[in-house]
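Source file: input.cif (mmCIF, C-alpha atoms)
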```cif
data_run
#
loop_
_atom_site.label_atom_id
_atom_site.label_comp_id
_atom_site.auth_asym_id
_atom_site.auth_seq_id
_atom_site.Cartn_x
_atom_site.Cartn_y
_atom_site.Cartn_z
CA MET N 175 0.00 0.00 0.00
CA ARG N 176 1.47 3.36 -0.98
CA LEU N 177 0.32 5.16 2.13
CA ALA N 178 2.18 8.43 2.47
CA PRO N 179 1.09 11.27 4.76
CA TYR N 180 -2.38 12.31 3.64
CA ASP N 181 -1.08 15.59 2.22
CA ASN N 182 0.55 13.48 -0.51
CA ILE N 183 -2.42 11.25 -1.29
CA ILE N 184 -4.09 12.00 -4.62
CA ILE N 185 -7.42 13.70 -3.97
CA PHE N 186 -9.97 15.09 -6.38
CA ARG N 187 -10.11 18.57 -4.88
CA GLN N 188 -9.82 20.33 -1.54
CA ASN N 189 -12.76 20.22 0.83
CA GLN N 190 -15.35 22.69 -0.40
CA TYR N 191 -15.97 23.96 3.09
CA ASP N 192 -12.29 24.68 3.68
CA ILE N 193 -12.14 26.63 0.42
CA MET N 194 -15.12 28.71 1.51
CA TYR N 195 -13.64 29.29 4.94
CA LYS N 196 -10.30 30.50 3.58
CA LYS N 197 -11.84 32.72 0.95
CA GLU N 198 -14.17 34.30 3.47
CA HIS N 199 -11.17 35.41 5.48
CA ASN N 200 -9.16 36.67 2.50
CA MET N 201 -11.86 38.33 0.46
CA SER N 202 -14.49 40.93 1.35
CA ARG N 203 -16.92 40.00 -1.40
CA LYS N 204 -19.11 36.92 -1.23
CA LEU N 205 -18.48 33.82 -3.29
CA PHE N 206 -20.99 32.95 -6.03
CA CYS N 207 -22.30 30.01 -4.00
CA GLU N 208 -23.00 32.34 -1.06
CA LEU N 209 -25.12 34.86 -2.94
CA SER N 210 -28.41 32.97 -2.54
CA PRO N 211 -29.86 29.48 -2.10
CA LEU N 212 -30.20 29.30 -5.89
CA THR N 213 -26.53 30.11 -6.57
CA TYR N 214 -25.55 27.55 -3.92
CA LYS N 215 -27.60 24.88 -5.73
CA ILE N 216 -26.02 25.89 -9.04
CA SER N 217 -22.53 25.53 -7.51
CA VAL N 218 -23.35 22.10 -6.11
CA PHE N 219 -24.79 20.96 -9.46
CA LYS N 220 -21.65 22.20 -11.22
CA ASN N 221 -19.38 20.21 -8.89
CA ILE N 222 -21.47 17.05 -9.28
CA LEU N 223 -21.49 17.38 -13.08
CA PHE N 224 -17.75 18.05 -13.17
CA ARG N 225 -17.02 14.92 -11.10
CA ASN N 226 -19.19 12.79 -13.39
CA CYS N 227 -17.42 14.14 -16.46
CA ILE N 228 -14.00 13.44 -14.98
CA ASP N 229 -14.93 9.87 -14.07
CA PHE N 230 -16.41 9.25 -17.53
CA SER N 231 -13.37 10.65 -19.34
CA LYS N 232 -10.96 8.47 -17.35
CA GLY N 233 -12.90 5.27 -17.95
CA ILE N 234 -12.41 4.18 -14.35
CA LYS N 235 -13.09 0.54 -13.51
CA PHE N 236 -15.33 0.82 -10.45
CA ALA N 237 -16.20 -2.07 -8.17
CA ASN N 238 -19.91 -2.78 -8.66
CA ASN N 239 -20.37 -6.55 -8.29
CA LYS N 240 -21.51 -8.33 -5.15
CA GLU N 241 -20.93 -11.88 -3.97
CA LYS N 242 -23.63 -13.55 -1.89
CA GLU N 243 -21.17 -15.70 0.04
CA ASN N 244 -18.54 -14.16 2.30
CA LEU N 245 -14.96 -14.51 1.15
CA PRO N 246 -13.11 -17.01 3.39
CA VAL N 247 -10.41 -14.86 5.04
CA LEU N 248 -11.27 -12.18 7.61
CA VAL N 249 -8.72 -9.37 7.25
CA TYR N 250 -10.17 -6.95 9.79
CA LYS N 251 -13.46 -6.14 11.50
CA HIS N 252 -14.70 -3.13 13.43
CA ASN N 253 -17.91 -1.98 15.13
CA SER N 254 -18.79 1.66 15.72
CA LEU N 255 -21.35 2.92 18.23
CA ILE N 256 -24.11 4.69 16.29
CA ARG N 257 -25.57 6.96 18.96
CA ARG N 258 -22.88 9.06 20.62
CA ARG N 259 -23.21 12.23 22.63
CA LEU N 260 -21.56 15.01 20.65
CA GLY N 261 -21.59 18.15 22.76
CA ASN N 262 -25.06 19.70 22.68
CA VAL N 263 -26.05 18.17 19.31
CA ASP N 264 -29.73 17.19 19.15
CA MET N 265 -29.97 13.43 19.78
CA GLN N 266 -32.79 13.22 17.22
CA LEU N 267 -30.10 13.73 14.57
CA GLN N 268 -28.39 10.65 15.99
CA GLU N 269 -31.63 8.69 15.69
CA ASN N 270 -31.98 9.83 12.10
CA LYS N 271 -28.36 8.87 11.45
CA ALA N 272 -29.21 5.31 12.49
CA ILE N 273 -31.81 5.21 9.71
CA ASN N 274 -29.40 6.71 7.16
CA LEU N 275 -26.72 4.15 8.04
CA LYS N 276 -29.16 1.24 7.80
CA ILE N 277 -30.11 2.31 4.27
CA SER N 278 -26.58 3.02 3.03
CA THR N 279 -24.91 -0.10 4.46
CA LEU N 280 -27.19 -2.26 2.32
CA LYS N 281 -25.81 -0.52 -0.79
CA VAL N 282 -22.23 -1.48 0.08
CA ASN N 283 -22.70 -4.83 1.81
CA LYS N 284 -21.06 -7.82 0.02
CA ILE N 285 -19.31 -5.63 -2.58
CA ILE N 286 -16.32 -7.32 -4.22
CA ILE N 287 -13.20 -5.30 -5.05
CA LYS N 288 -11.18 -7.24 -7.62
CA PRO N 289 -7.58 -6.46 -8.65
CA ASN N 290 -7.32 -3.08 -10.45
CA GLU N 291 -10.84 -2.05 -9.41
CA ILE N 292 -11.65 1.18 -7.54
CA PHE N 293 -14.11 1.37 -4.67
CA SER N 294 -16.17 4.58 -4.71
CA PHE N 295 -18.53 5.23 -1.80
CA TRP N 296 -20.88 7.49 -3.75
CA LYS N 297 -20.93 5.25 -6.85
CA LEU N 298 -22.44 2.52 -4.68
CA VAL N 299 -24.60 4.52 -2.27
CA GLY N 300 -25.93 7.09 -4.73
CA CYS N 301 -27.45 10.46 -3.87
CA PRO N 302 -29.23 10.44 -0.49
CA SER N 303 -32.76 11.82 -0.75
CA VAL N 304 -36.03 11.92 1.14
CA LYS N 305 -37.60 9.69 -1.54
CA LYS N 306 -35.05 6.99 -0.71
CA GLY N 307 -35.94 7.19 2.98
CA TYR N 308 -33.01 9.28 4.21
CA LYS N 309 -33.55 11.61 7.17
CA GLU N 310 -31.98 14.86 8.31
CA GLY N 311 -28.77 14.05 10.18
CA LEU N 312 -25.70 15.76 11.55
CA THR N 313 -23.32 17.40 9.06
CA ILE N 314 -20.28 19.65 9.39
CA SER N 315 -20.24 22.84 7.34
CA LYS N 316 -17.57 25.54 7.52
CA ASN N 317 -16.11 23.70 10.51
CA GLN N 318 -19.24 23.86 12.60
CA THR N 319 -22.20 21.54 13.15
CA SER N 320 -25.19 21.70 10.83
CA SER N 321 -27.75 19.23 9.48
CA GLY N 322 -28.87 17.88 6.14
CA ILE N 323 -30.58 14.97 4.40
CA GLY N 324 -28.38 11.89 4.69
CA GLY N 325 -26.29 13.49 7.42
CA GLY N 326 -24.17 11.27 9.63
CA MET N 327 -22.93 8.98 6.87
CA CYS N 328 -19.36 10.14 7.32
CA GLN N 329 -19.38 7.62 10.19
CA PHE N 330 -19.82 4.97 7.51
CA THR N 331 -16.79 6.11 5.52
CA ASN N 332 -14.89 6.45 8.82
CA LEU N 333 -15.55 2.75 9.42
CA ILE N 334 -14.50 1.76 5.90
CA HIS N 335 -11.39 3.93 6.08
CA TRP N 336 -10.33 2.39 9.40
CA MET N 337 -10.62 -1.11 7.94
CA ILE N 338 -8.75 -0.18 4.76
CA LEU N 339 -5.88 1.17 6.87
CA HIS N 340 -5.48 -2.42 8.09
CA SER N 341 -4.95 -3.74 4.57
CA PRO N 342 -2.63 -3.36 1.55
CA LEU N 343 -5.32 -1.46 -0.42
CA ASP N 344 -4.36 2.00 -1.72
CA ILE N 345 -6.40 5.01 -0.58
CA ILE N 346 -6.68 7.34 -3.56
CA GLU N 347 -9.24 9.86 -2.30
CA HIS N 348 -9.77 10.94 1.28
CA HIS N 349 -11.05 14.22 2.70
CA HIS N 350 -11.19 15.24 6.32
CA HIS N 351 -12.29 18.09 8.60
CA ASP N 352 -9.49 17.86 11.13
CA GLN N 353 -8.46 21.50 11.46
CA PHE N 354 -10.84 21.76 14.42
CA ASP N 355 -11.66 19.50 17.37
CA LEU N 356 -15.42 19.99 17.54
CA PHE N 357 -16.48 17.60 20.31
CA PRO N 358 -15.05 16.26 23.58
CA ASP N 359 -14.26 12.54 23.55
CA TYR N 360 -17.12 10.18 24.23
CA ASN N 361 -16.25 6.48 23.96
CA ARG N 362 -13.65 7.26 21.28
CA VAL N 363 -12.14 4.12 19.77
CA ILE N 364 -10.22 5.26 16.71
CA PRO N 365 -7.63 8.07 16.92
CA PHE N 366 -8.65 11.70 16.57
CA GLY N 367 -7.94 13.01 13.08
CA SER N 368 -8.35 9.69 11.28
CA GLY N 369 -11.90 10.35 10.10
CA THR N 370 -13.36 11.26 6.72
CA SER N 371 -15.50 13.95 5.13
CA ILE N 372 -17.90 13.28 2.25
CA VAL N 373 -20.31 15.37 0.16
CA TYR N 374 -22.29 13.87 -2.70
CA ASN N 375 -20.62 13.23 -5.06
CA TYR N 376 -17.57 15.39 -5.44
CA LEU N 377 -16.06 14.69 -2.02
CA ASP N 378 -15.80 10.93 -2.20
CA TYR N 379 -13.98 8.17 -0.36
CA ARG N 380 -12.11 5.90 -2.76
CA PHE N 381 -9.50 3.17 -2.65
CA LYS N 382 -7.92 0.99 -5.34
CA ASN N 383 -6.99 -2.67 -5.28
CA ASN N 384 -3.45 -2.75 -6.67
CA THR N 385 -2.87 -6.28 -5.38
CA ASN N 386 -3.52 -9.73 -6.87
CA THR N 387 -5.99 -10.48 -4.06
CA THR N 388 -9.77 -10.05 -4.24
CA PHE N 389 -11.36 -8.23 -1.29
CA GLN N 390 -14.91 -7.89 0.00
CA LEU N 391 -16.66 -5.45 2.33
CA ILE N 392 -19.40 -6.66 4.68
CA THR N 393 -21.42 -3.79 6.19
CA TYR N 394 -24.58 -3.76 8.30
CA THR N 395 -26.17 -2.19 11.37
CA THR N 396 -27.60 -3.55 14.60
CA ASP N 397 -29.71 -1.62 17.10
CA GLU N 398 -26.55 -0.14 18.61
CA TYR N 399 -23.66 -0.54 16.20
CA LEU N 400 -22.47 0.11 12.68
CA CYS N 401 -20.57 -3.07 11.78
CA GLY N 402 -18.01 -3.85 9.13
CA GLU N 403 -15.71 -6.62 7.94
CA LEU N 404 -12.98 -6.57 5.32
CA ARG N 405 -12.50 -10.04 3.85
CA ALA N 406 -10.23 -11.58 1.20
CA ASN N 407 -10.06 -14.67 -0.98
CA LYS N 408 -6.66 -15.69 0.47
CA ASN N 409 -4.39 -15.03 3.42
CA LEU N 410 -2.25 -11.89 3.45
CA ASP N 411 1.49 -11.88 4.13
CA ASN N 412 1.33 -8.88 6.43
CA SER N 413 -0.79 -7.49 9.24
CA TYR N 414 -1.25 -3.81 10.09
CA HIS N 415 -1.33 -1.95 13.38
CA ILE N 416 -2.29 1.72 13.87
CA LYS N 417 -0.71 3.54 16.80
CA VAL N 418 -0.84 7.09 18.16
CA GLU N 419 2.15 8.96 19.54
CA ASP N 420 2.72 12.43 21.00
CA GLU N 421 -0.92 12.94 21.95
CA PHE N 422 -1.52 16.04 24.07
CA PHE N 423 -3.40 19.34 24.33
CA SER N 424 -1.43 22.56 24.03
CA LYS N 425 -2.13 26.24 24.58
CA GLU N 426 -0.52 28.54 22.05
CA ASN N 427 -1.24 32.28 22.08
CA ASN N 428 -4.21 31.57 24.37
CA ILE N 429 -5.68 29.06 21.89
CA VAL N 430 -6.03 25.38 22.84
CA TYR N 431 -5.03 22.76 20.28
CA ARG N 432 -5.30 18.98 20.14
CA ASN N 433 -2.17 17.25 18.91
CA ASN N 434 -1.27 13.72 17.90
CA THR N 435 0.75 11.78 15.37
CA ILE N 436 -0.69 8.63 13.81
CA TYR N 437 1.54 5.85 12.49
CA ARG N 438 0.97 2.50 10.85
CA ASN N 439 3.21 -0.50 11.46
CA ILE N 440 3.35 -3.16 8.76
CA ILE N 441 4.15 -6.51 10.38
CA ASP N 442 5.44 -9.68 8.71
CA LYS N 443 3.07 -12.43 9.87
CA LYS N 444 5.74 -15.15 9.67
CA THR N 445 8.35 -13.42 11.81
CA GLY N 446 6.17 -11.00 13.81
CA LYS N 447 8.67 -8.24 13.02
CA ILE N 448 7.80 -4.70 11.96
CA ILE N 449 9.00 -4.33 8.38
CA LYS N 450 7.84 -0.73 7.91
CA LYS N 451 6.57 2.19 9.96
CA GLU N 452 4.53 4.73 8.02
CA LEU N 453 3.43 8.21 9.03
CA ILE N 454 -0.29 8.47 8.40
CA LYS N 455 -1.14 11.87 9.80
CA LYS N 456 0.03 14.59 12.15
CA ASN N 457 -2.79 16.61 13.72
CA HIS N 458 -2.81 20.09 15.22
CA ALA N 459 -6.48 21.02 15.65
CA LYS N 460 -8.08 24.00 17.36
CA VAL N 461 -10.32 22.93 20.25
CA LEU N 462 -13.81 24.46 19.97
CA TYR N 463 -15.40 23.13 23.19
CA ASP N 464 -14.88 23.88 26.87
CA SER N 465 -11.26 22.97 27.62
CA SER N 466 -11.26 23.83 31.34
CA ASN N 467 -11.06 20.16 32.38
CA LEU N 468 -8.27 19.23 29.98
CA ASP N 469 -4.65 18.63 30.87
CA ILE N 470 -3.03 21.33 28.76
CA LYS N 471 0.64 21.96 28.00
CA VAL N 472 1.39 25.68 27.72
CA ILE N 473 3.69 26.49 24.83
CA SER N 474 5.21 29.95 24.81
#
```

Could you write out this structure as structure tokens?
Amino acid sequence: MRLAPYDNIIIFRQNQYDIMYKKEHNMSRKLFCELSPLTYKISVFKNILFRNCIDFSKGIKFANNKEKENLPVLVYKHNSLIRRRLGNVDMQLQENKAINLKISTLKVNKIIIKPNEIFSFWKLVGCPSVKKGYKEGLTISKNQTSSGIGGGMCQFTNLIHWMILHSPLDIIEHHHHDQFDLFPDYNRVIPFGSGTSIVYNYLDYRFKNNTNTTFQLITYTTDEYLCGELRANKNLDNSYHIKVEDEFFSKENNIVYRNNTIYRNIIDKKTGKIIKKELIKKNHAKVLYDSSNLDIKVIS
């Protein structure tokens, strides 16, 4: 897996919300998409159309076949709690997210990713809409909480991303909203800053199978958990372990930041030795919640 720091991973374009945020602070005039609800819809339509044109012109081989039977080898599995307390966010949005996840997991469940194929989240899930049964869930816009139809599905791509990090598959598109730490920890399992950000369809989550092994994703929900398995048609030579180092809160110029560095160890299964240590991500995020109870390192 060619997993360099995420700044070097090929992505389609920078997060739309980050572009807006930066331009707002460097320009006095409004962007076209900010002029009215109509111009915003036009901008979104333009981005969706542009992504479709790019995909068509490249003739990408997307994974779109499913296998009824599970592939024999379990590579990695992970469960994610669906309803979590996120600051003062309305818990009804969490209930709606449970519905959104139940619908979307069915679209991905049992998908086969053969050698040279690309997995695209949005190609499989499609556009979330009220007609399809999606509800209004939690979203993040301009680095603050909001809501929208289909909201909360970034938890789904978070789950997929975490499993793919434990495999030799190549992540080719990944977006994140890690410049800010929006919520205090509540039953956190995966490291801060290892999540994903998606917007239909131009902010996608994609990975490519550059191996000679066939993989399969199993995804479903229970009453409490979003569940996933990554499976393969044969045993892998290596295993993968994600670890966090240098995790602390700091105060710099009276601003509190969350810091950590995420690494991945590639381990030879036969010898048990680490054959490679890769830097995945280094985070330095501004804390946007009450930090009075945190252990903070003051940096002058």

task: Given the file shown, determine the residues that the PyMOL selection byres ((chain N and resi 424-437) around 6) selects; report them as a ChimeraX atom specification.
output: /N:416-423,438,452-461,470-473

- prompt: Nearest to N:Ile323 among N:Phe230, N:Tyr308, N:Phe219, N:Phe293, with distances taken over all atoms listed in the file: which residue is it?
  reply: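 Smallest separation from N:Ile323 among the options: N:Tyr308.
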
query: Hey, what's within 12 Å of stretch 224-229 of chain N if we count only C-alpha atoms and toss same-chain stuff fewer than 2 positions away? As a list of chain:residue names, please?
result: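 Here the qualifying residues turn out to be N:Phe186, N:Arg187, N:Ser217, N:Val218, N:Phe219, N:Lys220, N:Asn221, N:Ile222, N:Ser231, N:Lys232, N:Gly233, N:Ile234, N:Lys235, N:Phe236, N:Ile292, N:Ser294, N:Trp296, N:Lys297, N:Val373, N:Tyr374, N:Asn375, N:Tyr376, N:Leu377, N:Asp378.
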
With stretch 365-370 of chain N as the partner and 7 Å as the cut-off, tabulate the residues of stretch 267-344 of chain N that qualify, each row holding the nearest pair of atoms and their distance in Å to one decimal, using only C-alpha atoms, sorted by chain and rising number, as a tab-separated table.
```
residue	atom	partner	partner_atom	distance
N:Cys328	CA	N:Thr370	CA	6.1
N:Thr331	CA	N:Thr370	CA	6.3
N:Asn332	CA	N:Gly369	CA	5.1
```

message: the PyMOL selection byres ((chain N and resi 402-414) around 6) - which residues does that actually catch in the file I just gave you? List them as a PyMOL selection string.
response: chain N and resi 245-252+340+388-393+401+415+439-443

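For the pair atom CA of N:Asn244 and atom CA of N:Ser371, the separation is 28.4 Å.
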
task: Starting from the displayed file, determine the output of the PyMOL selection byres ((chain N and resi 274) around 7) and express the residue list as a PyMOL selection string.
output: chain N and resi 270-273+275-278+308-309+324+327

field: d(atom CA of N:Ile372, atom CA of N:Leu462) in Å
entry: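 Calculated distance between atom CA of N:Ile372 and atom CA of N:Leu462 is 21.3 Å.
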
message: Rounded to one decimal, what separation in Å do you get between atom CA of N:Thr279 and atom CA of N:Leu356?
response: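 Pair atom CA of N:Thr279 / atom CA of N:Leu356 returns 25.8 Å.
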
Local residues around (-11.6, 1.1, 1.0), at most 7 Å away, using all atoms listed in the file, as a list of chain:residue names: N:Phe293, N:Ile334, N:His335, N:Ile338, N:Leu343, N:Ile345, N:Arg380, N:Phe381

query: If we count all atoms listed in the file, what is near N:Ser321 at a cut-off of 12 Å, once residues fewer than 6 positions away on the same chain are taken out, given as a list in words?
result: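 Here the answer would be Val263, Asp264, Gln266, Leu267, Gln268, Asn270, Lys271, Lys309, Glu310, Gly311, Leu312, Thr313, Ile314, Ser315 and Met327 of chain N.
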
Please fill the gaps in stretch 300-311 of chain N so it has all heavy atoms, and write that as a tab-separated table (two decimals), keeping the file's coordinate frame.
```tsv
chain	number	residue	atom	x	y	z
N	300	GLY	N	-25.07	6.19	-3.98
N	300	GLY	CA	-25.93	7.09	-4.73
N	300	GLY	C	-26.30	8.33	-3.93
N	300	GLY	O	-25.88	8.50	-2.77
N	301	CYS	N	-27.09	9.20	-4.51
N	301	CYS	CA	-27.45	10.46	-3.87
N	301	CYS	C	-28.51	10.23	-2.79
N	301	CYS	O	-29.58	9.69	-3.07
N	301	CYS	CB	-27.99	11.43	-4.92
N	301	CYS	SG	-28.44	13.05	-4.24
N	302	PRO	N	-28.23	10.60	-1.55
N	302	PRO	CA	-29.23	10.44	-0.49
N	302	PRO	C	-30.38	11.43	-0.68
N	302	PRO	O	-30.16	12.61	-0.96
N	302	PRO	CB	-28.44	10.75	0.79
N	302	PRO	CG	-27.31	11.61	0.35
N	302	PRO	CD	-26.97	11.18	-1.05
N	303	SER	N	-31.60	10.95	-0.55
N	303	SER	CA	-32.76	11.82	-0.75
N	303	SER	C	-33.89	11.37	0.16
N	303	SER	O	-33.90	10.25	0.67
N	303	SER	CB	-33.22	11.79	-2.21
N	303	SER	OG	-33.72	10.50	-2.54
N	304	VAL	N	-34.86	12.25	0.33
N	304	VAL	CA	-36.03	11.92	1.14
N	304	VAL	C	-36.80	10.77	0.50
N	304	VAL	O	-37.31	9.87	1.19
N	304	VAL	CB	-36.94	13.15	1.29
N	304	VAL	CG1	-38.24	12.79	2.00
N	304	VAL	CG2	-36.22	14.27	2.05
N	305	LYS	N	-36.89	10.76	-0.83
N	305	LYS	CA	-37.60	9.69	-1.54
N	305	LYS	C	-37.02	8.31	-1.23
N	305	LYS	O	-37.73	7.31	-1.22
N	305	LYS	CB	-37.56	9.93	-3.04
N	305	LYS	CG	-38.51	11.01	-3.53
N	305	LYS	CD	-38.51	11.09	-5.04
N	305	LYS	CE	-39.50	12.14	-5.54
N	305	LYS	NZ	-39.52	12.21	-7.02
N	306	LYS	N	-35.72	8.26	-1.00
N	306	LYS	CA	-35.05	6.99	-0.71
N	306	LYS	C	-35.13	6.62	0.77
N	306	LYS	O	-34.62	5.58	1.17
N	306	LYS	CB	-33.59	7.06	-1.14
N	306	LYS	CG	-33.40	7.20	-2.65
N	306	LYS	CD	-31.92	7.31	-2.99
N	306	LYS	CE	-31.72	7.49	-4.49
N	306	LYS	NZ	-30.27	7.64	-4.83
N	307	GLY	N	-35.75	7.50	1.57
N	307	GLY	CA	-35.94	7.19	2.98
N	307	GLY	C	-34.94	7.85	3.91
N	307	GLY	O	-35.00	7.65	5.13
N	308	TYR	N	-34.02	8.64	3.37
N	308	TYR	CA	-33.01	9.28	4.21
N	308	TYR	C	-33.62	10.41	5.04
N	308	TYR	O	-34.54	11.10	4.61
N	308	TYR	CB	-31.87	9.83	3.35
N	308	TYR	CG	-30.97	8.76	2.78
N	308	TYR	CD1	-31.15	8.28	1.49
N	308	TYR	CD2	-29.94	8.22	3.54
N	308	TYR	CE1	-30.33	7.29	0.96
N	308	TYR	CE2	-29.11	7.23	3.03
N	308	TYR	CZ	-29.31	6.78	1.74
N	308	TYR	OH	-28.50	5.79	1.23
N	309	LYS	N	-33.09	10.59	6.23
N	309	LYS	CA	-33.55	11.61	7.17
N	309	LYS	C	-32.50	12.70	7.34
N	309	LYS	O	-31.37	12.58	6.88
N	309	LYS	CB	-33.84	10.96	8.53
N	309	LYS	CG	-34.83	9.81	8.50
N	309	LYS	CD	-36.23	10.28	8.13
N	309	LYS	CE	-37.22	9.13	8.20
N	309	LYS	NZ	-38.59	9.56	7.82
N	310	GLU	N	-32.89	13.76	8.03
N	310	GLU	CA	-31.98	14.86	8.31
N	310	GLU	C	-31.05	14.47	9.46
N	310	GLU	O	-31.50	14.18	10.57
N	310	GLU	CB	-32.76	16.12	8.67
N	310	GLU	CG	-31.88	17.36	8.81
N	310	GLU	CD	-32.71	18.62	8.94
N	310	GLU	OE1	-33.74	18.72	8.26
N	310	GLU	OE2	-32.31	19.49	9.73
N	311	GLY	N	-29.76	14.44	9.17
N	311	GLY	CA	-28.77	14.05	10.18
N	311	GLY	C	-27.69	15.11	10.34
N	311	GLY	O	-27.69	16.13	9.65
```
